[in-house]
file entry-v4.txt (compact mmCIF, C-alpha atoms and all ligand atoms)
# COMPACT_ATOMS: atom_id res chain seq x y z
CA MET B 2 14.41 -25.28 -7.07
CA LEU B 3 16.59 -23.51 -9.58
CA PRO B 4 19.83 -21.90 -8.50
CA ARG B 5 18.45 -18.40 -8.44
CA SER B 6 20.67 -16.70 -5.93
CA ILE B 7 21.68 -13.31 -7.14
CA SER B 8 24.79 -11.53 -6.09
CA ARG B 9 24.26 -8.17 -4.47
CA LYS B 10 27.76 -7.20 -5.59
CA ASP B 11 26.98 -8.09 -9.21
CA PHE B 12 23.72 -6.24 -9.07
CA ILE B 13 25.21 -3.08 -7.65
CA LYS B 14 28.21 -3.28 -9.99
CA ASN B 15 26.13 -3.84 -13.10
CA SER B 16 23.42 -1.37 -12.24
CA SER B 17 25.85 1.37 -11.30
CA VAL B 18 27.65 0.90 -14.61
CA LEU B 19 24.33 1.20 -16.42
CA LEU B 20 23.24 4.13 -14.33
CA ALA B 21 26.52 5.88 -15.00
CA ALA B 22 25.89 5.42 -18.72
CA GLY B 23 22.60 7.25 -18.27
CA SER B 24 22.14 10.47 -16.41
CA GLY B 25 21.95 9.04 -12.91
CA LEU B 26 19.53 10.44 -10.43
CA LEU B 27 15.81 10.82 -10.83
CA ALA B 28 13.98 14.12 -10.61
CA THR B 29 10.60 14.92 -9.07
CA ALA B 30 7.56 16.36 -10.75
CA GLY B 31 6.57 18.45 -7.72
CA PRO B 32 4.23 17.98 -4.78
CA ALA B 33 0.97 18.43 -6.66
CA ALA B 34 1.45 15.32 -8.80
CA ALA B 35 -0.28 12.11 -7.74
CA ALA B 36 2.10 9.64 -6.12
CA ASP B 37 2.30 7.35 -9.12
CA ASN B 38 3.57 10.20 -11.26
CA ARG B 39 5.73 11.92 -8.70
CA THR B 40 9.02 10.43 -9.76
CA ALA B 41 9.91 11.45 -13.29
CA PRO B 42 13.03 9.65 -14.56
CA VAL B 43 15.69 11.58 -16.37
CA PRO B 44 15.41 10.85 -20.11
CA GLY B 45 17.87 8.44 -21.61
CA LYS B 46 18.49 6.18 -18.61
CA THR B 47 18.41 2.53 -19.57
CA LEU B 48 18.59 -0.81 -17.81
CA THR B 49 18.67 -4.26 -19.38
CA LEU B 50 17.62 -7.27 -17.32
CA LYS B 51 18.37 -10.71 -18.73
CA ASN B 52 17.35 -14.18 -17.53
CA VAL B 53 14.17 -12.74 -16.01
CA ARG B 54 11.45 -15.30 -15.35
CA LEU B 55 7.98 -14.23 -16.46
CA GLU B 56 4.70 -16.10 -16.29
CA THR B 57 3.47 -17.08 -19.75
CA GLY B 58 0.30 -19.13 -19.18
CA PHE B 59 -1.58 -21.71 -17.16
CA GLU B 60 -1.45 -25.50 -17.44
CA TYR B 61 -4.86 -27.20 -17.17
CA ASP B 62 -5.96 -30.69 -16.21
CA LYS B 63 -8.65 -32.74 -18.01
CA GLU B 64 -11.40 -30.98 -16.04
CA GLY B 65 -10.12 -27.62 -17.18
CA ASP B 66 -8.73 -26.60 -13.78
CA VAL B 67 -5.46 -24.74 -13.55
CA VAL B 68 -2.81 -27.03 -12.07
CA ALA B 69 0.40 -25.11 -12.76
CA THR B 70 1.78 -21.86 -14.12
CA LYS B 71 4.09 -21.81 -17.13
CA THR B 72 7.12 -19.52 -17.15
CA GLU B 73 9.96 -18.64 -19.51
CA LEU B 74 13.08 -16.54 -19.35
CA PHE B 75 13.10 -13.13 -21.04
CA THR B 76 15.26 -10.09 -21.52
CA ILE B 77 13.61 -6.85 -20.48
CA GLU B 78 14.77 -3.48 -21.70
CA ILE B 79 13.90 -0.50 -19.53
CA ARG B 80 14.15 3.07 -20.71
CA ASP B 81 13.17 6.35 -19.05
CA GLY B 82 11.64 4.51 -16.09
CA LYS B 83 9.33 2.44 -18.28
CA ILE B 84 9.37 -0.99 -19.84
CA GLY B 85 10.84 -0.44 -23.31
CA ALA B 86 10.56 -4.00 -24.62
CA VAL B 87 10.04 -7.56 -23.42
CA LEU B 88 12.25 -9.69 -25.67
CA PRO B 89 13.14 -13.37 -26.05
CA ASN B 90 15.91 -14.10 -23.60
CA ASN B 91 19.42 -13.25 -24.66
CA PRO B 92 21.77 -14.74 -22.06
CA SER B 93 24.74 -12.97 -23.61
CA ALA B 94 23.13 -9.52 -23.55
CA LYS B 95 25.01 -6.80 -21.70
CA GLY B 96 23.04 -6.03 -18.58
CA VAL B 97 21.97 -7.20 -15.16
CA ASP B 98 21.60 -10.96 -14.78
CA ALA B 99 18.39 -11.81 -12.91
CA LYS B 100 19.53 -15.46 -12.80
CA GLY B 101 16.07 -16.89 -13.30
CA LEU B 102 14.33 -14.95 -10.53
CA LEU B 103 10.61 -14.37 -11.03
CA ALA B 104 9.56 -10.81 -11.87
CA LEU B 105 6.30 -9.60 -10.36
CA PRO B 106 4.75 -6.13 -10.27
CA ALA B 107 6.17 -4.11 -7.35
CA PHE B 108 4.02 -4.18 -4.24
CA LYS B 109 2.00 -1.32 -2.77
CA GLU B 110 1.68 -0.76 0.96
CA MET B 111 -1.63 1.06 1.21
CA HIS B 112 -2.15 1.85 4.89
CA ILE B 113 0.75 2.79 7.11
CA HIS B 114 1.85 5.54 9.51
CA LEU B 115 5.36 6.42 8.41
CA ASP B 116 5.38 9.41 10.76
CA LYS B 117 4.76 7.50 13.96
CA THR B 118 6.99 4.55 14.83
CA TYR B 119 9.71 3.27 17.09
CA TYR B 120 11.13 1.25 14.18
CA GLY B 121 14.80 2.10 13.61
CA ASP B 122 15.14 3.24 17.20
CA LYS B 123 14.20 1.02 20.15
CA TRP B 124 11.91 -1.90 20.86
CA VAL B 125 8.87 -0.84 22.87
CA ALA B 126 5.98 -3.25 23.49
CA THR B 127 2.49 -1.77 23.58
CA GLY B 128 1.15 -0.93 27.03
CA LYS B 129 -2.19 -1.96 28.43
CA ARG B 130 -4.93 -0.25 26.46
CA GLN B 131 -7.11 1.98 28.60
CA GLY B 132 -10.00 4.15 27.52
CA GLY B 133 -10.27 2.97 23.91
CA VAL B 134 -9.25 5.39 21.15
CA LYS B 135 -9.66 8.35 23.51
CA GLY B 136 -7.20 6.66 25.89
CA MET B 137 -4.76 6.33 22.99
CA ILE B 138 -5.20 10.01 22.15
CA ALA B 139 -4.25 10.89 25.75
CA LEU B 140 -1.18 8.63 25.44
CA GLU B 141 -0.16 10.24 22.15
CA GLN B 142 -0.40 13.70 23.69
CA GLN B 143 2.30 12.57 26.12
CA ILE B 144 4.66 10.67 23.80
CA ILE B 145 4.50 12.48 20.46
CA PRO B 146 6.96 15.27 21.38
CA GLU B 147 9.54 12.55 22.09
CA LEU B 148 8.68 10.55 18.96
CA LEU B 149 9.07 13.66 16.82
CA LYS B 150 12.69 14.16 17.83
CA ASN B 151 13.99 11.64 15.30
CA SER B 152 10.86 10.92 13.26
CA THR B 153 12.51 11.78 9.93
CA TYR B 154 15.25 9.20 10.54
CA LYS B 155 12.76 6.53 11.64
CA ALA B 156 10.51 7.17 8.65
CA GLU B 157 13.50 6.57 6.37
CA LYS B 158 14.28 3.29 8.15
CA LEU B 159 10.66 2.26 7.78
CA ILE B 160 10.73 3.08 4.06
CA GLU B 161 13.82 0.86 3.74
CA LEU B 162 11.93 -1.95 5.50
CA LEU B 163 9.05 -1.60 3.03
CA GLN B 164 11.48 -1.61 0.09
CA SER B 165 13.14 -4.77 1.37
CA ASN B 166 9.68 -6.34 1.34
CA GLY B 167 9.03 -5.31 -2.25
CA SER B 168 6.96 -2.12 -1.87
CA ASN B 169 7.97 1.01 -3.76
CA ILE B 170 4.76 2.94 -3.07
CA ALA B 171 2.90 3.58 0.18
CA ARG B 172 -0.11 5.49 1.34
CA SER B 173 0.85 6.99 4.66
CA HIS B 174 -1.42 8.68 7.14
CA VAL B 175 0.28 11.52 8.99
CA ASN B 176 -0.86 12.99 12.30
CA ILE B 177 -2.37 16.45 12.15
CA GLU B 178 -3.34 17.47 15.69
CA PRO B 179 -2.58 20.18 18.26
CA THR B 180 0.29 18.24 19.87
CA SER B 181 2.51 17.83 16.81
CA LYS B 182 0.74 20.60 14.87
CA LEU B 183 2.24 20.33 11.36
CA ASP B 184 5.59 18.88 12.47
CA SER B 185 4.71 15.21 11.84
CA LEU B 186 3.91 16.21 8.26
CA LYS B 187 7.02 18.35 7.81
CA HIS B 188 9.33 15.65 9.23
CA LEU B 189 7.80 12.98 7.02
CA GLN B 190 8.01 15.17 3.96
CA LYS B 191 11.72 15.61 4.68
CA ALA B 192 12.16 11.81 4.81
CA LEU B 193 10.26 11.42 1.53
CA GLU B 194 12.41 14.11 -0.07
CA ASN B 195 15.51 12.19 1.03
CA LYS B 196 14.07 9.00 -0.52
CA LYS B 197 12.48 10.57 -3.58
CA ASP B 198 14.61 8.65 -6.08
CA SER B 199 13.63 5.27 -4.72
CA PHE B 200 10.19 5.52 -3.13
CA GLU B 201 6.89 7.34 -3.42
CA ALA B 202 4.12 7.99 -0.95
CA GLU B 203 0.62 9.36 -1.03
CA LEU B 204 -0.07 11.31 2.15
CA VAL B 205 -3.29 11.43 4.14
CA ALA B 206 -3.75 14.35 6.56
CA PHE B 207 -5.00 12.40 9.56
CA PRO B 208 -6.77 14.15 12.47
CA GLN B 209 -5.76 11.38 14.88
CA HIS B 210 -7.02 13.31 17.91
CA GLY B 211 -10.41 14.11 16.41
CA LEU B 212 -11.39 17.14 14.37
CA TYR B 213 -13.44 18.64 17.19
CA TYR B 214 -12.49 16.46 20.18
CA THR B 215 -9.24 18.43 20.04
CA ASP B 216 -9.47 21.46 17.81
CA SER B 217 -7.70 20.26 14.69
CA THR B 218 -9.80 21.88 11.96
CA GLY B 219 -7.49 24.87 11.41
CA LEU B 220 -4.43 22.62 11.20
CA MET B 221 -6.24 20.33 8.76
CA LYS B 222 -6.98 23.33 6.53
CA ASP B 223 -3.30 24.25 6.64
CA ALA B 224 -2.24 20.66 5.89
CA ALA B 225 -4.59 20.53 2.89
CA GLN B 226 -2.37 23.18 1.29
CA MET B 227 0.90 21.41 2.05
CA GLY B 228 1.05 18.72 -0.62
CA VAL B 229 -1.11 16.00 0.95
CA ASP B 230 -3.20 13.84 -1.37
CA TYR B 231 -6.06 12.77 0.91
CA ILE B 232 -8.11 14.21 3.75
CA GLY B 233 -8.41 11.78 6.66
CA GLY B 234 -10.89 11.38 9.47
CA LEU B 235 -11.47 9.37 12.63
CA ASP B 236 -14.50 7.65 14.17
CA PRO B 237 -16.81 10.66 13.91
CA ALA B 238 -19.52 9.50 16.31
CA SER B 239 -17.37 8.20 19.16
CA ILE B 240 -14.59 10.82 18.96
CA ASP B 241 -16.26 13.99 17.66
CA GLY B 242 -19.79 13.19 18.82
CA SER B 243 -21.37 13.86 15.42
CA ILE B 244 -21.17 11.88 12.20
CA GLU B 245 -22.60 14.73 10.13
CA LYS B 246 -20.48 17.57 11.55
CA SER B 247 -17.23 15.61 11.31
CA MET B 248 -17.82 14.01 7.90
CA ASP B 249 -19.15 17.26 6.40
CA PHE B 250 -15.88 18.95 7.33
CA VAL B 251 -13.82 16.15 5.74
CA VAL B 252 -15.90 16.10 2.56
CA GLN B 253 -15.86 19.89 2.17
CA LEU B 254 -12.12 20.15 2.76
CA ALA B 255 -11.51 17.42 0.17
CA LEU B 256 -13.76 19.15 -2.36
CA ASP B 257 -12.27 22.59 -1.71
CA HIS B 258 -8.76 21.31 -2.43
CA GLN B 259 -9.51 18.58 -5.01
CA LYS B 260 -8.24 15.87 -2.66
CA GLY B 261 -9.39 12.32 -2.03
CA ILE B 262 -10.73 11.03 1.29
CA ASP B 263 -9.38 8.18 3.44
CA ILE B 264 -10.89 7.98 6.93
CA HIS B 265 -10.09 5.62 9.81
CA LEU B 266 -13.32 3.96 10.90
CA HIS B 267 -12.94 1.52 13.78
CA GLU B 268 -16.49 2.01 15.03
CA SER B 269 -18.78 -0.97 14.70
CA GLY B 270 -22.51 -1.22 15.26
CA GLU B 271 -25.04 1.39 14.33
CA SER B 272 -22.74 4.42 14.29
CA GLY B 273 -20.14 2.63 12.16
CA LEU B 274 -22.71 1.57 9.60
CA LYS B 275 -24.33 4.99 9.64
CA THR B 276 -20.96 6.63 8.92
CA ILE B 277 -20.36 4.33 5.94
CA GLU B 278 -23.81 5.06 4.52
CA TYR B 279 -23.43 8.79 5.14
CA LEU B 280 -20.15 8.81 3.24
CA ILE B 281 -21.64 6.78 0.37
CA ASP B 282 -24.39 9.42 0.07
CA LYS B 283 -21.84 12.24 0.07
CA VAL B 284 -19.80 10.56 -2.68
CA ASN B 285 -22.92 10.12 -4.79
CA GLU B 286 -23.83 13.79 -4.24
CA ASN B 287 -20.28 14.81 -5.24
CA PRO B 288 -19.13 12.65 -8.17
CA ALA B 289 -15.67 14.24 -8.00
CA LEU B 290 -15.11 11.98 -4.98
CA LYS B 291 -15.81 8.77 -6.90
CA GLY B 292 -12.70 6.62 -7.19
CA LYS B 293 -11.01 8.80 -4.56
CA THR B 294 -12.85 7.89 -1.36
CA PHE B 295 -11.66 5.16 0.99
CA ILE B 296 -12.55 3.82 4.40
CA SER B 297 -9.67 2.32 6.34
CA HIS B 298 -10.50 -0.67 8.55
CA CYS B 299 -14.27 -0.30 8.14
CA PHE B 300 -14.80 -2.95 10.83
CA ALA B 301 -18.56 -2.34 10.90
CA LEU B 302 -18.85 -4.44 7.73
CA ALA B 303 -17.47 -7.47 9.59
CA HIS B 304 -20.36 -7.48 12.01
CA ILE B 305 -23.52 -6.89 9.98
CA ASP B 306 -25.89 -9.48 8.59
CA ARG B 307 -25.38 -10.93 5.13
CA LYS B 308 -28.24 -9.11 3.46
CA LYS B 309 -27.22 -5.71 4.76
CA LEU B 310 -23.57 -6.42 3.88
CA GLU B 311 -24.43 -7.22 0.27
CA GLU B 312 -26.53 -4.04 0.06
CA VAL B 313 -23.79 -1.79 1.47
CA ALA B 314 -21.02 -3.47 -0.56
CA GLU B 315 -23.02 -2.95 -3.75
CA LYS B 316 -23.56 0.72 -2.92
CA MET B 317 -19.84 1.17 -2.18
CA GLY B 318 -18.91 -0.53 -5.44
CA ASN B 319 -21.33 1.65 -7.40
CA ALA B 320 -19.86 4.77 -5.74
CA ARG B 321 -16.36 3.44 -6.68
CA MET B 322 -15.25 3.56 -3.06
CA GLY B 323 -12.46 1.56 -1.50
CA VAL B 324 -11.66 -0.26 1.73
CA MET B 325 -8.13 -0.29 3.13
CA SER B 326 -7.55 -3.31 5.31
CA THR B 327 -4.86 -4.83 7.48
CA ILE B 328 -6.63 -8.19 6.93
CA PRO B 329 -7.57 -8.58 10.59
CA PHE B 330 -8.35 -12.00 12.04
CA GLY B 331 -9.69 -13.26 15.35
CA GLY B 332 -12.94 -11.53 16.29
CA THR B 333 -12.98 -9.34 13.19
CA VAL B 334 -12.68 -10.99 9.80
CA MET B 335 -13.46 -8.55 7.01
CA PRO B 336 -15.81 -9.71 4.23
CA ILE B 337 -13.19 -9.11 1.54
CA PRO B 338 -14.52 -11.64 -1.02
CA THR B 339 -17.92 -9.91 -0.85
CA LEU B 340 -16.30 -6.51 -1.31
CA TYR B 341 -14.49 -7.81 -4.38
CA LYS B 342 -17.73 -9.28 -5.70
CA TYR B 343 -19.28 -5.80 -5.83
CA GLY B 344 -16.22 -4.05 -7.24
CA VAL B 345 -15.11 -2.32 -4.04
CA ASP B 346 -11.49 -1.19 -4.40
CA VAL B 347 -9.82 -3.33 -1.71
CA ARG B 348 -6.23 -2.56 -0.76
CA ALA B 349 -4.00 -3.90 2.00
CA GLY B 350 -1.51 -2.42 4.42
CA ASN B 351 0.46 -3.09 7.58
CA ASP B 352 -0.74 0.01 9.50
CA CYS B 353 1.52 -0.22 12.57
CA ILE B 354 5.15 -1.33 12.60
CA ILE B 355 6.46 -1.18 16.15
CA ASP B 356 4.45 1.66 17.57
CA HIS B 357 2.29 2.30 20.63
CA TRP B 358 -0.78 0.86 18.87
CA ASN B 359 0.66 -2.42 17.65
CA THR B 360 4.05 -4.06 17.14
CA PHE B 361 3.16 -6.81 14.71
CA GLY B 362 3.48 -5.17 11.28
CA SER B 363 6.15 -7.01 9.26
CA GLY B 364 6.31 -4.44 6.48
CA SER B 365 5.32 -7.09 3.94
CA VAL B 366 2.11 -6.63 2.03
CA LEU B 367 2.77 -10.05 0.51
CA GLN B 368 2.42 -11.48 4.02
CA LYS B 369 -0.97 -9.75 4.29
CA THR B 370 -1.90 -11.33 0.97
CA ASN B 371 -0.86 -14.74 2.30
CA LEU B 372 -3.04 -14.11 5.35
CA ALA B 373 -5.99 -13.28 3.10
CA ALA B 374 -5.39 -16.49 1.14
CA GLN B 375 -5.52 -18.47 4.38
CA LEU B 376 -8.54 -16.64 5.80
CA TYR B 377 -10.67 -16.76 2.66
CA GLY B 378 -9.62 -20.15 1.30
CA TYR B 379 -7.61 -19.14 -1.77
CA ARG B 380 -5.67 -22.42 -1.99
CA THR B 381 -5.54 -23.51 -5.63
CA GLU B 382 -2.89 -22.46 -8.15
CA PHE B 383 -5.46 -20.24 -9.87
CA ASP B 384 -6.90 -18.64 -6.72
CA LEU B 385 -3.46 -17.99 -5.24
CA SER B 386 -2.35 -16.37 -8.50
CA ARG B 387 -5.42 -14.11 -8.48
CA ILE B 388 -5.17 -12.90 -4.88
CA LEU B 389 -1.68 -11.55 -5.60
CA LYS B 390 -3.70 -8.49 -6.69
CA LEU B 391 -3.99 -7.50 -3.03
CA ALA B 392 -0.23 -6.90 -2.92
CA THR B 393 0.07 -5.27 -6.35
CA HIS B 394 -3.20 -3.33 -6.41
CA ASN B 395 -4.74 -5.35 -9.20
CA VAL B 396 -1.73 -5.64 -11.51
CA LEU B 397 -1.27 -9.34 -12.35
CA PRO B 398 1.19 -10.98 -14.76
CA LEU B 399 -1.53 -13.20 -16.30
CA ASP B 400 -5.19 -12.46 -16.96
CA ASP B 401 -7.88 -14.95 -15.87
CA LYS B 402 -7.45 -16.89 -19.12
CA GLY B 403 -3.70 -17.19 -18.68
CA ASN B 404 -2.68 -14.56 -21.23
CA ARG B 405 0.44 -12.61 -20.35
CA GLN B 406 -0.59 -9.03 -19.64
CA TRP B 407 2.35 -7.75 -17.58
CA PRO B 408 4.91 -6.42 -18.13
CA LYS B 409 4.37 -4.74 -21.46
CA ALA B 410 6.04 -1.86 -23.25
CA GLY B 411 5.00 1.44 -21.73
CA ASP B 412 4.32 0.08 -18.23
CA LYS B 413 6.14 1.79 -15.38
CA ALA B 414 9.30 -0.19 -14.67
CA ASP B 415 8.26 -1.01 -11.09
CA LEU B 416 8.98 -4.65 -10.34
CA VAL B 417 10.23 -7.09 -7.77
CA LEU B 418 12.47 -10.08 -8.40
CA MET B 419 11.35 -12.98 -6.22
CA ASP B 420 12.88 -16.31 -5.31
CA ALA B 421 9.75 -18.12 -6.47
CA SER B 422 8.63 -20.16 -9.48
CA CYS B 423 5.26 -18.38 -9.95
CA SER B 424 2.77 -15.98 -8.31
CA ALA B 425 0.95 -18.79 -6.53
CA GLU B 426 4.13 -19.99 -4.85
CA ALA B 427 5.12 -16.41 -3.97
CA VAL B 428 1.78 -15.84 -2.18
CA SER B 429 1.62 -19.22 -0.50
CA ARG B 430 5.23 -19.27 0.70
CA ILE B 431 5.71 -15.49 1.20
CA SER B 432 8.77 -15.98 -0.99
CA PRO B 433 11.85 -13.82 -0.40
CA VAL B 434 12.17 -10.52 -2.27
CA ARG B 435 15.62 -10.40 -3.89
CA SER B 436 15.38 -7.04 -5.66
CA LEU B 437 13.10 -4.05 -6.00
CA ILE B 438 13.21 -1.92 -9.13
CA HIS B 439 11.57 1.49 -8.92
CA ARG B 440 11.07 3.39 -12.16
CA GLY B 441 13.86 1.41 -13.78
CA THR B 442 16.37 1.82 -10.96
CA ILE B 443 17.41 -1.02 -8.66
CA VAL B 444 16.71 0.41 -5.21
CA PHE B 445 17.04 -2.76 -3.13
CA SER B 446 18.81 -6.04 -3.65
CA LYS B 447 19.78 -8.92 -1.43
CA SER B 448 21.51 -12.16 -2.28
ZN ZN Y 1 -4.02 3.55 10.62

call {"tool": "encode", "arguments": {"input": "entry-v4.txt", "output": "structure tokens"}}
result
Amino acid sequence: MLPRSISRKDFIKNSSVLLAAGSGLLATAGPAAAADNRTAPVPGKTLTLKNVRLETGFEYDKEGDVVATKTELFTIEIRDGKIGAVLPNNPSAKGVDAKGLLALPAFKEMHIHLDKTYYGDKWVATGKRQGGVKGMIALEQQIIPELLKNSTYKAEKLIELLQSNGSNIARSHVNIEPTSKLDSLKHLQKALENKKDSFEAELVAFPQHGLYYTDSTGLMKDAAQMGVDYIGGLDPASIDGSIEKSMDFVVQLALDHQKGIDIHLHESGESGLKTIEYLIDKVNENPALKGKTFISHCFALAHIDRKKLEEVAEKMGNARMGVMSTIPFGGTVMPIPTLYKYGVDVRAGNDCIIDHWNTFGSGSVLQKTNLAAQLYGYRTEFDLSRILKLATHNVLPLDDKGNRQWPKAGDKADLVLMDASCSAEAVSRISPVRSLIHRGTIVFSKS
């Protein structure tokens, strides 16, 4: 191992000097912009990183199999939140010394509930589950008023946890229901405003208590006009009693407000499959929803026969739909390799981080990627390097042939510095994140 420890003091000292030379804080482009474009850096701000390790190619054995990943040190110039240039290393350049740490694309946490957590407050184990999702709705009706009291503070702590694990972007569902009304959304938006220079989130208006099971349709219509990016949904057959009525509302609201769709679907069996197929049909009828429609969990796909799975996965891929997964194991292992095979947009997230549903979320999407590698047998240098795409949403330093494709001039300057020698090691060892750079600003660092 190389001596790659990086001093937090040095980092903060150097970056603050560089930031002071520029114009400092970032500005926002306004709530209507998509999350990736929401943070617009102030022109003129620069950051130089030297001694940054980048992957440069694969090493092959006689059979043509990848056996190792080649790396070299570079100097990276960042300007206006974007990569300005990737240059041969200049150890004497003025700038921040990355001390040989490996740069990877920043991670994306794609399914979480930033509005609903005990994290940052107290430890609370989950109670005994009673009554399925409806039992959980009854529990939420009791505890949400208490959770809301400091939900802005806890959301900020949760964002800091995600940053420390290398994520600078999240897709967060936010409860829209008669108990919290629009307060979960307002409190979370306050937290995001407080963190706007270092973190971005796409928001999903989530009718956690059912659209019709509790009357949440009016609140959902209000939320659709409050800067959310996606319209959510929940188990339409088992909670609302009608796939068509519930999904039609979600689809229409998304179309009326030019939003995407991201529904929670825990239901398995016939109703789960029927919901997936109903949504595929709706996306095909409304091409504006292509590339913007996601099913979170989608457990039904884990329990259908191979032939039907291939058929549904192909239809989802053709409709450019996505599946958001926590990479479950045990009785439900999602067919993620098959989804990839048909071009389904697979993304990973932690979902729950110390809340009344689950207390096991670490906040690391790299850990979820490691879990996927274990579950699906991605063991070789090449396979491990490829599955990193689950953490970075398909941005990889090398293409399949080993050509360097990231970072390049013009890319957003969103990167993590890892204590790892290459992507494969980072995935396999869940290597420590030493720094997170968001739009050219160091927003987390740890020695
Ligand atoms: Zn969820």

call {"tool": "residues_near_ligand", "arguments": {"input": "entry-v4.txt", "ligand": "ligand ZN 1 (chain Y)", "cutoff": "10 Å", "atoms": "all atoms listed in the file", "output": "PyMOL selection string"}}
result
chain B and resi 112-114+173-175+207+209+235+264-267+297-298+325-327+350-353+358

call {"tool": "closest_residue", "arguments": {"input": "entry-v4.txt", "among": "B:Tyr214, B:Phe445, B:Phe108, B:Tyr61", "to": "B:Leu367", "atoms": "only C-alpha atoms"}}
result
B:Phe108

call {"tool": "closest_atom_pairs", "arguments": {"input": "entry-v4.txt", "of": "stretch 135-252 of chain B", "to": "stretch 428-438 of chain B", "cutoff": "8 Å", "atoms": "all atoms listed in the file", "output": "Markdown table"}}
result
| residue | atom | partner | partner_atom | distance |
| --- | --- | --- | --- | --- |
| B:Gln164 | CA | B:Leu437 | CA | 6.8 |
| B:Ser165 | CA | B:Val434 | CA | 6.9 |
| B:Asn166 | CA | B:Val434 | CA | 6.1 |
| B:Gly167 | CA | B:Leu437 | CA | 5.7 |
| B:Ser168 | CA | B:Leu437 | CA | 7.6 |
| B:Asn169 | CA | B:Leu437 | CA | 7.5 |

call {"tool": "write_last_selection", "arguments": {"input": "entry-v4.txt", "atoms": "C-alpha atoms", "output": "tab-separated table (two decimals), in the coordinates of the input"}}
result
chain	number	residue	atom	x	y	z
B	164	GLN	CA	11.48	-1.61	0.09
B	165	SER	CA	13.14	-4.77	1.37
B	166	ASN	CA	9.68	-6.34	1.34
B	167	GLY	CA	9.03	-5.31	-2.25
B	168	SER	CA	6.96	-2.12	-1.87
B	169	ASN	CA	7.97	1.01	-3.76

call {"tool": "closest_residue", "arguments": {"input": "entry-v4.txt", "among": "B:Lys447, B:Lys46, B:Lys51, B:Lys109", "to": "B:Asp81", "atoms": "all atoms listed in the file"}}
result
B:Lys46

call {"tool": "closest_residue", "arguments": {"input": "entry-v4.txt", "among": "B:Phe383, B:Ala192, B:Gly441, B:Arg172", "to": "B:Gly65", "atoms": "all atoms listed in the file"}}
result
B:Phe383
